[in-house]
>>> print(open('model_13.txt').read())   # compact mmCIF, C-alpha atoms
# COMPACT_ATOMS: atom_id res chain seq x y z
CA MET A 1 0.00 0.00 0.00
CA THR A 2 1.20 3.52 -0.84
CA ALA A 3 0.88 6.35 1.72
CA MET A 4 0.21 9.43 -0.40
CA THR A 5 1.10 13.03 0.42
CA PRO A 6 -0.46 16.27 -0.88
CA GLY A 7 0.18 16.52 -4.62
CA SER A 8 1.47 12.96 -5.03
CA ASN A 9 -0.04 10.79 -7.74
CA LEU A 10 0.02 7.22 -8.96
CA PRO A 11 -1.30 5.28 -11.97
CA LEU A 12 -4.46 3.25 -11.45
CA PRO A 13 -3.76 -0.50 -11.68
CA THR A 14 -7.40 -1.24 -12.54
CA THR A 15 -10.23 0.43 -14.45
CA ARG A 16 -12.61 0.36 -11.48
CA VAL A 17 -11.65 1.99 -8.18
CA THR A 18 -13.34 3.07 -4.98
CA VAL A 19 -12.44 6.04 -2.76
CA ASP A 20 -13.86 5.86 0.76
CA VAL A 21 -13.26 8.47 3.44
CA THR A 22 -13.29 7.69 7.15
CA ALA A 23 -13.09 9.92 10.24
CA PRO A 24 -14.07 9.81 13.92
CA VAL A 25 -17.36 11.48 12.88
CA ARG A 26 -19.78 10.69 10.07
CA LEU A 27 -18.84 12.29 6.77
CA ASP A 28 -20.76 13.06 3.60
CA VAL A 29 -18.73 11.97 0.58
CA SER A 30 -19.44 13.31 -2.91
CA GLY A 31 -18.01 13.15 -6.42
CA LEU A 32 -17.94 15.68 -9.27
CA LEU A 33 -17.30 14.88 -12.93
CA LEU A 34 -15.24 17.69 -14.44
CA THR A 35 -14.32 18.65 -17.99
CA ALA A 36 -10.97 20.06 -19.09
CA ASP A 37 -11.97 23.53 -17.83
CA GLY A 38 -12.46 22.16 -14.31
CA LYS A 39 -16.27 22.52 -14.34
CA VAL A 40 -19.23 20.16 -14.35
CA ARG A 41 -21.28 19.97 -17.56
CA SER A 42 -24.49 20.32 -15.54
CA ASP A 43 -25.78 19.63 -12.05
CA ASP A 44 -26.20 15.99 -13.10
CA ASP A 45 -22.42 15.65 -12.77
CA PHE A 46 -22.62 16.19 -9.01
CA ILE A 47 -22.90 12.74 -7.40
CA PHE A 48 -23.95 12.54 -3.74
CA TYR A 49 -26.32 10.57 -1.52
CA ASN A 50 -29.39 12.32 -2.97
CA GLN A 51 -28.18 11.78 -6.54
CA PRO A 52 -26.14 8.57 -6.32
CA GLN A 53 -25.77 7.64 -9.98
CA GLY A 54 -23.82 9.29 -12.76
CA PRO A 55 -22.02 8.17 -15.90
CA GLY A 56 -19.17 5.99 -14.65
CA VAL A 57 -19.44 7.37 -11.11
CA THR A 58 -21.56 6.08 -8.22
CA HIS A 59 -22.10 7.17 -4.63
CA ARG A 60 -22.09 4.20 -2.24
CA SER A 61 -23.64 4.85 1.15
CA GLY A 62 -22.16 3.20 4.22
CA GLY A 63 -25.53 3.41 5.95
CA GLY A 64 -24.00 5.11 8.98
CA SER A 65 -22.07 2.01 10.03
CA ALA A 66 -19.42 2.14 7.30
CA ALA A 67 -17.72 4.88 5.29
CA ASP A 68 -19.45 6.47 2.33
CA ALA A 69 -17.53 6.00 -0.92
CA ILE A 70 -17.31 7.13 -4.51
CA VAL A 71 -16.94 4.33 -7.05
CA VAL A 72 -15.35 5.23 -10.39
CA ASP A 73 -15.46 2.98 -13.44
CA THR A 74 -13.00 4.74 -15.74
CA ALA A 75 -14.10 2.59 -18.70
CA ALA A 76 -17.62 4.03 -18.36
CA VAL A 77 -16.65 7.68 -17.84
CA PRO A 78 -17.98 9.61 -20.87
CA PRO A 79 -15.70 11.39 -23.36
CA GLY A 80 -14.92 14.93 -22.32
CA ILE A 81 -14.72 14.13 -18.61
CA GLU A 82 -11.09 14.39 -17.55
CA LYS A 83 -11.32 14.40 -13.77
CA ILE A 84 -13.48 13.05 -10.95
CA VAL A 85 -13.04 15.02 -7.72
CA VAL A 86 -13.88 13.27 -4.44
CA THR A 87 -14.99 15.54 -1.59
CA ALA A 88 -15.88 15.08 2.07
CA SER A 89 -17.61 17.18 4.71
CA PRO A 90 -18.76 16.48 8.28
CA ASP A 91 -22.39 15.40 8.40
CA ALA A 92 -23.15 17.68 11.37
CA ALA A 93 -24.04 21.21 10.28
CA GLY A 94 -21.26 23.72 10.90
CA GLN A 95 -18.74 21.18 12.15
CA THR A 96 -15.15 21.76 11.07
CA PHE A 97 -12.27 19.36 10.56
CA GLN A 98 -10.55 20.75 13.66
CA GLY A 99 -9.37 17.74 15.64
CA ILE A 100 -10.75 15.35 13.01
CA GLU A 101 -8.27 13.41 10.91
CA PRO A 102 -10.03 12.04 7.82
CA THR A 103 -8.36 9.32 5.79
CA ALA A 104 -9.13 8.53 2.17
CA THR A 105 -8.51 4.98 1.03
CA LEU A 106 -8.15 4.14 -2.65
CA ARG A 107 -9.22 0.57 -3.33
CA ASN A 108 -9.48 -1.85 -6.21
CA GLY A 109 -13.16 -1.62 -7.13
CA ASP A 110 -13.41 -5.33 -7.88
CA ASP A 111 -11.81 -7.05 -4.88
CA GLY A 112 -11.60 -4.20 -2.33
CA SER A 113 -7.84 -4.49 -1.91
CA VAL A 114 -6.11 -1.30 -0.79
CA ILE A 115 -4.06 0.57 -3.40
CA ALA A 116 -3.17 3.70 -1.41
CA SER A 117 -4.24 5.89 1.49
CA PHE A 118 -4.08 9.62 2.16
CA THR A 119 -4.52 11.63 5.36
CA PRO A 120 -4.56 15.41 4.67
CA PRO A 121 -2.31 17.39 7.04
CA ARG A 122 -2.93 20.57 9.05
CA LEU A 123 -6.72 20.78 8.97
CA GLY A 124 -8.52 23.32 11.13
CA SER A 125 -11.46 25.60 10.30
CA GLU A 126 -12.28 23.83 7.04
CA THR A 127 -15.85 22.50 6.78
CA ALA A 128 -15.35 20.68 3.48
CA LEU A 129 -12.44 19.08 1.73
CA VAL A 130 -11.38 18.04 -1.75
CA VAL A 131 -9.70 14.81 -0.73
CA MET A 132 -8.60 13.06 -3.89
CA GLU A 133 -9.05 13.19 -7.64
CA ILE A 134 -9.11 10.53 -10.33
CA TYR A 135 -7.83 12.15 -13.51
CA LEU A 136 -6.94 11.38 -17.11
CA ARG A 137 -3.42 12.21 -18.26
CA GLY A 138 -1.85 11.07 -21.52
CA GLY A 139 -4.57 8.52 -22.12
CA ALA A 140 -4.06 6.86 -18.71
CA TRP A 141 -6.08 7.27 -15.52
CA LYS A 142 -4.29 8.29 -12.33
CA ALA A 143 -5.10 9.22 -8.73
CA ARG A 144 -3.81 12.33 -6.99
CA ALA A 145 -3.95 13.24 -3.29
CA VAL A 146 -5.22 16.80 -2.88
CA GLY A 147 -6.29 17.83 0.66
CA GLN A 148 -7.64 21.27 -0.29
CA GLY A 149 -9.97 22.65 2.40
CA TYR A 150 -12.92 25.03 2.16
CA ALA A 151 -14.26 27.14 5.02
CA ASN A 152 -17.66 27.65 3.36
CA GLY A 153 -18.70 24.01 3.29
CA LEU A 154 -19.74 21.76 0.47
CA ALA A 155 -21.53 24.70 -1.13
CA GLY A 156 -18.15 26.37 -1.66
CA ILE A 157 -16.75 23.33 -3.42
CA ALA A 158 -19.86 22.85 -5.54
CA THR A 159 -19.88 26.51 -6.60
CA ASP A 160 -16.19 26.46 -7.51
CA PHE A 161 -16.81 23.54 -9.86
CA GLY A 162 -19.88 25.05 -11.50
CA VAL A 163 -22.77 23.40 -9.62
CA SER A 164 -25.79 25.65 -9.07
CA VAL A 165 -26.38 26.09 -5.34
CA SER A 166 -29.79 26.93 -3.92
CA GLU A 167 -30.08 30.09 -1.86
CA PRO A 168 -32.15 30.21 1.34
CA ALA A 169 -35.04 32.64 1.38
CA THR A 170 -34.05 35.80 3.26
CA PRO A 171 -35.98 39.05 3.78
CA ALA A 172 -34.99 41.71 1.30
CA ALA A 173 -33.11 44.56 2.91
CA PRO A 174 -34.62 47.89 1.79
CA SER A 175 -32.39 50.11 -0.32
CA ALA A 176 -29.51 47.64 0.02
CA PRO A 177 -27.50 46.79 -3.09
CA THR A 178 -28.08 43.28 -4.32
CA THR A 179 -26.00 40.81 -6.26
CA PRO A 180 -27.26 38.08 -8.55
CA THR A 181 -27.79 34.73 -6.86
CA ALA A 182 -26.99 31.35 -8.33
CA PRO A 183 -29.90 29.47 -9.92
CA PRO A 184 -31.48 26.77 -7.73
CA MET A 185 -30.47 23.14 -7.71
CA PRO A 186 -32.64 20.93 -9.94
CA SER A 187 -35.94 19.96 -8.33
CA THR A 188 -35.34 16.30 -9.19
CA PRO A 189 -33.57 14.83 -7.33
CA PRO A 190 -34.25 17.01 -4.26
CA ALA A 191 -31.40 19.32 -3.39
CA ASP A 192 -29.23 18.51 -0.41
CA PRO A 193 -30.04 21.14 2.26
CA ARG A 194 -26.36 21.17 3.26
CA LEU A 195 -25.57 22.68 -0.12
CA ALA A 196 -27.59 25.80 0.65
CA ALA A 197 -25.33 28.82 0.62
CA PRO A 198 -25.09 30.33 4.11
CA ALA A 199 -27.24 33.38 4.77
CA PRO A 200 -25.22 36.61 4.74
CA THR A 201 -24.20 37.95 8.14
CA PRO A 202 -23.04 41.47 9.03
CA ALA A 203 -19.29 41.79 8.65
CA ALA A 204 -17.43 42.48 11.85
CA PRO A 205 -14.84 45.28 11.76
CA ALA A 206 -11.49 43.78 10.80
CA ALA A 207 -8.63 44.04 13.22
CA PRO A 208 -5.81 45.93 11.47
CA ALA A 209 -3.13 43.27 11.90
CA ALA A 210 -5.33 40.20 11.59
CA PRO A 211 -4.54 37.97 8.60
CA ALA A 212 -7.33 37.29 6.14
CA PRO A 213 -8.45 33.66 5.81
CA THR A 214 -8.74 32.14 2.40
CA ALA A 215 -11.44 29.72 1.34
CA GLY A 216 -9.37 26.94 2.85
CA GLY A 217 -9.10 28.68 6.22
CA LYS A 218 -5.50 29.77 5.57
CA ILE A 219 -4.00 33.25 5.56
CA ASN A 220 -3.71 35.20 2.31
CA LEU A 221 -2.10 38.48 1.25
CA ASP A 222 -5.19 40.70 1.19
CA LYS A 223 -4.28 42.60 4.37
CA GLY A 224 -0.67 43.27 3.59
CA ARG A 225 2.53 41.70 4.86
CA VAL A 226 2.21 38.41 6.71
CA ASN A 227 4.53 37.48 9.58
CA LEU A 228 4.63 33.70 9.55
CA GLN A 229 5.05 31.54 12.60
CA LYS A 230 6.71 28.13 12.44
CA ASN A 231 4.54 25.61 10.54
CA GLN A 232 2.05 28.36 9.60
CA THR A 233 0.92 28.59 5.98
CA VAL A 234 0.02 31.57 3.81
CA SER A 235 -1.75 31.21 0.48
CA LEU A 236 -0.13 33.45 -2.13
CA VAL A 237 -3.46 34.87 -3.23
CA LYS A 238 -4.27 38.58 -3.38
CA GLY A 239 -7.60 40.06 -4.38
CA GLY A 240 -8.93 36.59 -5.12
CA ARG A 241 -6.21 35.86 -7.68
CA PRO A 242 -3.15 33.63 -7.34
CA LEU A 243 0.18 35.44 -7.26
CA LEU A 244 1.94 34.18 -10.38
CA SER A 245 4.43 36.98 -10.93
CA GLN A 246 8.15 37.10 -10.20
CA VAL A 247 9.04 37.06 -6.50
CA LYS A 248 12.29 37.15 -4.56
CA MET A 249 13.08 34.97 -1.58
CA GLY A 250 15.56 36.96 0.48
CA LEU A 251 17.53 35.10 3.14
CA GLY A 252 19.61 36.83 5.77
CA TRP A 253 21.63 36.10 8.89
CA GLU A 254 23.96 37.80 11.36
CA PRO A 255 26.85 36.32 13.37
CA ALA A 256 26.16 35.83 17.08
CA PHE A 257 29.59 37.15 18.04
CA ARG A 258 30.73 40.58 16.91
CA GLY A 259 33.61 40.58 14.48
CA LYS A 260 33.18 36.94 13.53
CA ASP A 261 32.29 36.02 9.96
CA ILE A 262 29.61 33.44 9.31
CA ASP A 263 29.62 31.72 5.92
CA LEU A 264 26.19 30.32 5.11
CA ASP A 265 24.78 29.22 1.77
CA ALA A 266 21.16 29.64 0.70
CA SER A 267 19.62 27.17 -1.74
CA VAL A 268 16.26 26.11 -3.13
CA ILE A 269 15.46 22.48 -3.93
CA ALA A 270 12.77 21.74 -6.51
CA TYR A 271 10.58 18.62 -6.30
CA GLY A 272 7.96 16.90 -8.42
CA PRO A 273 4.49 15.78 -7.25
CA GLN A 274 5.86 12.51 -5.83
CA ARG A 275 8.53 14.32 -3.81
CA ASN A 276 11.03 13.40 -6.50
CA HIS A 277 14.08 15.65 -6.66
CA LEU A 278 14.17 17.71 -9.86
CA ASP A 279 17.07 20.15 -9.35
CA THR A 280 18.83 22.37 -6.81
CA CYS A 281 19.65 26.07 -7.19
CA TYR A 282 22.66 27.13 -5.11
CA PHE A 283 25.94 29.10 -5.39
CA GLY A 284 27.36 26.41 -7.71
CA LYS A 285 24.32 26.38 -10.00
CA LEU A 286 22.74 29.81 -10.17
CA SER A 287 19.86 29.00 -12.54
CA ILE A 288 17.48 26.02 -12.77
CA LEU A 289 14.16 25.08 -14.38
CA ASN A 290 14.99 26.95 -17.60
CA GLY A 291 15.67 30.18 -15.73
CA ALA A 292 12.47 30.17 -13.69
CA ILE A 293 14.62 30.12 -10.52
CA LYS A 294 17.86 32.14 -10.21
CA HIS A 295 20.35 32.60 -7.37
CA SER A 296 22.10 35.90 -6.57
CA GLY A 297 25.42 34.26 -5.70
CA ASP A 298 27.38 33.42 -2.56
CA ASN A 299 27.81 35.72 0.46
CA LEU A 300 30.87 34.68 2.44
CA THR A 301 30.49 36.73 5.64
CA GLY A 302 26.88 37.62 6.45
CA GLU A 303 27.98 41.22 6.97
CA GLY A 304 25.93 44.24 5.99
CA ALA A 305 22.29 45.18 6.20
CA GLY A 306 19.59 43.55 4.13
CA ASP A 307 19.36 40.14 2.53
CA ASP A 308 22.58 38.15 2.36
CA GLU A 309 21.45 35.99 -0.56
CA VAL A 310 18.45 36.29 -2.84
CA ILE A 311 16.71 33.64 -4.92
CA VAL A 312 14.42 34.94 -7.65
CA VAL A 313 11.43 32.74 -8.46
CA ASP A 314 9.18 33.38 -11.46
CA LEU A 315 6.05 31.59 -10.25
CA GLY A 316 4.34 31.90 -13.62
CA ARG A 317 7.24 30.17 -15.39
CA ILE A 318 7.69 27.24 -13.02
CA PRO A 319 7.14 24.12 -15.18
CA ALA A 320 4.16 21.94 -14.39
CA GLU A 321 6.31 19.06 -13.16
CA ALA A 322 7.70 21.23 -10.31
CA THR A 323 5.15 21.35 -7.49
CA GLY A 324 7.30 21.90 -4.39
CA LEU A 325 10.20 24.21 -3.49
CA VAL A 326 12.15 23.97 -0.22
CA PHE A 327 14.42 26.89 0.77
CA THR A 328 17.43 25.88 2.85
CA VAL A 329 20.48 27.46 4.48
CA ASN A 330 23.67 25.50 5.17
CA SER A 331 27.03 26.14 6.79
CA PHE A 332 29.62 24.65 4.46
CA SER A 333 32.45 25.65 6.80
CA GLY A 334 30.88 23.69 9.65
CA GLN A 335 29.78 26.63 11.82
CA LYS A 336 26.64 25.79 13.81
CA PHE A 337 23.43 27.80 13.86
CA SER A 338 24.04 28.38 17.55
CA GLU A 339 26.66 30.85 16.25
CA VAL A 340 23.99 32.76 14.29
CA ALA A 341 22.31 35.66 16.07
CA LYS A 342 19.29 35.75 13.81
CA ALA A 343 18.20 34.33 10.51
CA TYR A 344 15.15 35.04 8.42
CA CYS A 345 13.60 34.60 5.02
CA ARG A 346 11.19 36.97 3.33
CA LEU A 347 9.16 36.85 0.13
CA ILE A 348 9.23 40.06 -1.90
CA ASP A 349 7.24 41.19 -4.93
CA ALA A 350 10.02 41.60 -7.51
CA ALA A 351 8.17 44.32 -9.43
CA SER A 352 7.21 46.60 -6.54
CA GLY A 353 9.77 45.62 -3.91
CA GLU A 354 6.92 45.08 -1.43
CA GLU A 355 7.61 42.56 1.31
CA LEU A 356 4.80 40.02 1.19
CA VAL A 357 5.74 37.37 3.76
CA ARG A 358 8.41 37.22 6.47
CA PHE A 359 9.54 34.29 8.59
CA ASP A 360 12.03 34.88 11.40
CA LEU A 361 13.91 31.88 12.71
CA THR A 362 13.42 31.72 16.47
CA GLY A 363 15.75 29.61 18.54
CA ALA A 364 18.81 27.81 17.26
CA GLU A 365 20.27 24.34 17.37
CA PRO A 366 23.93 23.29 17.03
CA GLN A 367 23.36 21.98 13.51
CA THR A 368 24.81 22.98 10.15
CA GLY A 369 21.61 23.12 8.09
CA VAL A 370 18.10 24.49 8.37
CA MET A 371 15.02 24.26 6.17
CA MET A 372 13.60 27.78 6.29
CA ALA A 373 10.41 27.57 4.23
CA LYS A 374 8.60 25.67 1.51
CA LEU A 375 6.39 26.66 -1.42
CA ILE A 376 3.83 24.10 -2.59
CA LYS A 377 1.66 24.46 -5.68
CA GLN A 378 -1.97 23.58 -5.08
CA PHE A 379 -4.23 21.75 -7.54
CA SER A 380 -6.10 25.02 -8.15
CA GLY A 381 -2.94 26.78 -9.34
CA GLU A 382 -1.97 29.00 -6.42
CA TRP A 383 1.17 28.58 -4.34
CA GLU A 384 1.30 28.27 -0.56
CA MET A 385 4.26 29.22 1.62
CA THR A 386 4.90 27.55 4.98
CA GLY A 387 7.51 28.55 7.56
CA LEU A 388 9.57 25.51 8.58
CA GLY A 389 12.55 26.35 10.81
CA SER A 390 13.65 22.70 10.93
CA PHE A 391 17.32 22.03 11.67
CA VAL A 392 19.27 19.32 9.87
CA LYS A 393 22.79 17.94 10.20
CA SER A 394 24.10 18.82 6.74
CA ARG A 395 26.74 21.22 5.46
CA THR A 396 25.53 21.18 1.84
CA ALA A 397 22.32 21.50 -0.12
CA ARG A 398 22.86 17.96 -1.39
CA GLY A 399 22.34 16.66 2.13
CA MET A 400 19.06 18.57 2.36
CA VAL A 401 17.36 16.79 -0.54
CA LYS A 402 15.96 13.88 1.49
CA PRO A 403 14.83 15.91 4.54
CA GLY A 404 13.37 18.50 2.16
CA ALA A 405 11.27 15.81 0.46
CA GLU A 406 10.07 14.59 3.85
CA ALA A 407 9.02 18.16 4.75
CA LEU A 408 6.71 18.50 1.72
>>> encode(input="model_13.txt", output="structure tokens")
Amino acid sequence: MTAMTPGSNLPLPTTRVTVDVTAPVRLDVSGLLLTADGKVRSDDDFIFYNQPQGPGVTHRSGGGSAADAIVVDTAAVPPGIEKIVVTASPDAAGQTFQGIEPTATLRNGDDGSVIASFTPPRLGSETALVVMEIYLRGGAWKARAVGQGYANGLAGIATDFGVSVSEPATPAAPSAPTTPTAPPMPSTPPADPRLAAPAPTPAAPAAPAAPAPTAGGKINLDKGRVNLQKNQTVSLVKGGRPLLSQVKMGLGWEPAFRGKDIDLDASVIAYGPQRNHLDTCYFGKLSILNGAIKHSGDNLTGEGAGDDEVIVVDLGRIPAEATGLVFTVNSFSGQKFSEVAKAYCRLIDAASGEELVRFDLTGAEPQTGVMMAKLIKQFSGEWEMTGLGSFVKSRTARGMVKPGAEAL
């Protein structure tokens, strides 16, 4: 059995597979048939307990005693459908995934044998989740682990993929501006009441320094610079759009003892969707991925104000096979990070010079390497940055490849 991680994929060994999702609470599991543009053709392509049959896709109820599942017969999926997305949401209204660890199990649809499993990491305020997708690539069907959360429930997922969501009846506010509402779900079969879009509530005044949550419950860039804590994630989305321009990752450090040089090397390691190592950008190789990532060169002392080394990343030019970037700092000379007074990394908009995200390394360990941060590309196209601050015994970027893959 394969234990999948976010973004990893594998070829299907059989034409008929089942994805069931288990958790300590009862979950509603659904499936959506998507075309190449990532949308359903009609509401008939949304498969759930109230509409359990679709072309090549079936909802299988566990009856409360077993897990609900989506069964996919790839041989029966109609032409034009390139992806089946499997979603899950807690059955109890308003319940989040906080403290709940769902696990998706991919099985052979004929004999029930386990092919792979996937447990999404770091869930919190999400009330719905895209767990896994079965997709067509190069004429072959594959499975990919996703783990993308939504804070606005199953209705948010359905709307994103083009399903019409029924709106609850609410009194009209006099003289208030209105916006068009989505058309109702089809009357046959009856719409799932949990798909109803939540009634609007008055917006509370925003605290000036509070980060803005994205649809997945994560921070985004809408309220300005984000100061990351260790293991905290920011979605590189601003104004509802993914940041796909050129950015700079600046890395800096200062010696702990005045007058003493500290020779550290910043690098970025690129990985594919199965955590496979693609290439490493460092002082000995200043450009990788056809120039999409470039290194400023080596700083031998750490002296002076500002960033010691800069890595420029053109997010829009990163090739599709590169889905994870891990930024590392190493001491080739063998000096330990206990000899570093402070170290940080910061993400900067290359065009405007605006600092977008900053992560300050707190604490130090007597090690020669540290993974500062990672960037992971989501299935929807945006990138997410997570502060790591994990120390490793390695003097070179080469020694960071394996721990970097484990950190993705």
>>> residues_around(input="model_13.txt", residues="stretch 334-344 of chain A", least_positions_apart="3", cutoff="8 Å", atoms="only C-alpha atoms", output="ChimeraX atom specification")
/A:251-257,262-263,331,358-362,364-369,372,395
>>> atom_distance(input="model_13.txt", atom1="atom CA of A:Leu375", atom2="atom CA of A:Val326")
6.5 Å
>>> atom_distance(input="model_13.txt", atom1="atom CA of A:Ile70", atom2="atom CA of A:Trp383")
28.3 Å
>>> atom_distance(input="model_13.txt", atom1="atom CA of A:Lys83", atom2="atom CA of A:Ala292")
28.5 Å
>>> closest_residue(input="model_13.txt", among="A:Gly38, A:Ser8, A:Gly363, A:Glu382", to="A:Lys238", atoms="all atoms listed in the file")
A:Glu382
>>> closest_residue(input="model_13.txt", among="A:Asn152, A:Ser30, A:Thr323, A:Thr2", to="A:Pro52", atoms="all atoms listed in the file")
A:Ser30
>>> residues_near_point(input="model_13.txt", point="(1.7, 22.8, -5.3)", cutoff="7 Å", atoms="all atoms listed in the file", output="JSON list (two decimals) with C-alpha atoms, in the frame of the given file")
[["chain", "number", "residue", "atom", "x", "y", "z"],
["A", 7, "GLY", "CA", 0.18, 16.52, -4.62],
["A", 323, "THR", "CA", 5.15, 21.35, -7.49],
["A", 324, "GLY", "CA", 7.30, 21.90, -4.39],
["A", 376, "ILE", "CA", 3.83, 24.10, -2.59],
["A", 377, "LYS", "CA", 1.66, 24.46, -5.68],
["A", 378, "GLN", "CA", -1.97, 23.58, -5.08],
["A", 379, "PHE", "CA", -4.23, 21.75, -7.54],
["A", 383, "TRP", "CA", 1.17, 28.58, -4.34]]
>>> closest_residue(input="model_13.txt", among="A:Leu154, A:Gly62, A:Gln274, A:Pro6", to="A:Gly31", atoms="all atoms listed in the file")
A:Leu154
>>> closest_residue(input="model_13.txt", among="A:Ser42, A:Thr18, A:Ser125, A:Thr233", to="A:Gly56", atoms="all atoms listed in the file")
A:Thr18
>>> residues_around(input="model_13.txt", residues="A:Asp279", least_positions_apart="3", cutoff="7 Å", atoms="all atoms listed in the file", output="ChimeraX atom specification")
/A:269-270,288
>>> closest_residue(input="model_13.txt", among="A:Val329, A:Ala140, A:Ala397, A:Ala3", to="A:Glu82", atoms="all atoms listed in the file")
A:Ala140
>>> residues_around(input="model_13.txt", residues="A:Gly316", least_positions_apart="2", cutoff="7 Å", atoms="all atoms listed in the file", output="list in words")
Leu244, Ser245, Asp314 and Ile318 of chain A
>>> closest_residue(input="model_13.txt", among="A:Val234, A:Leu27, A:Ala151, A:Leu32", to="A:Gly124", atoms="all atoms listed in the file")
A:Ala151
>>> axis_aligned_box(input="model_13.txt", around="stretch 397-407 of chain A", padding_each_side="4 Å", output="AutoDock Vina command-line options")
--center_x 15.9 --center_y 17.7 --center_z 1.7 --size_x 21.8 --size_y 15.6 --size_z 14.1
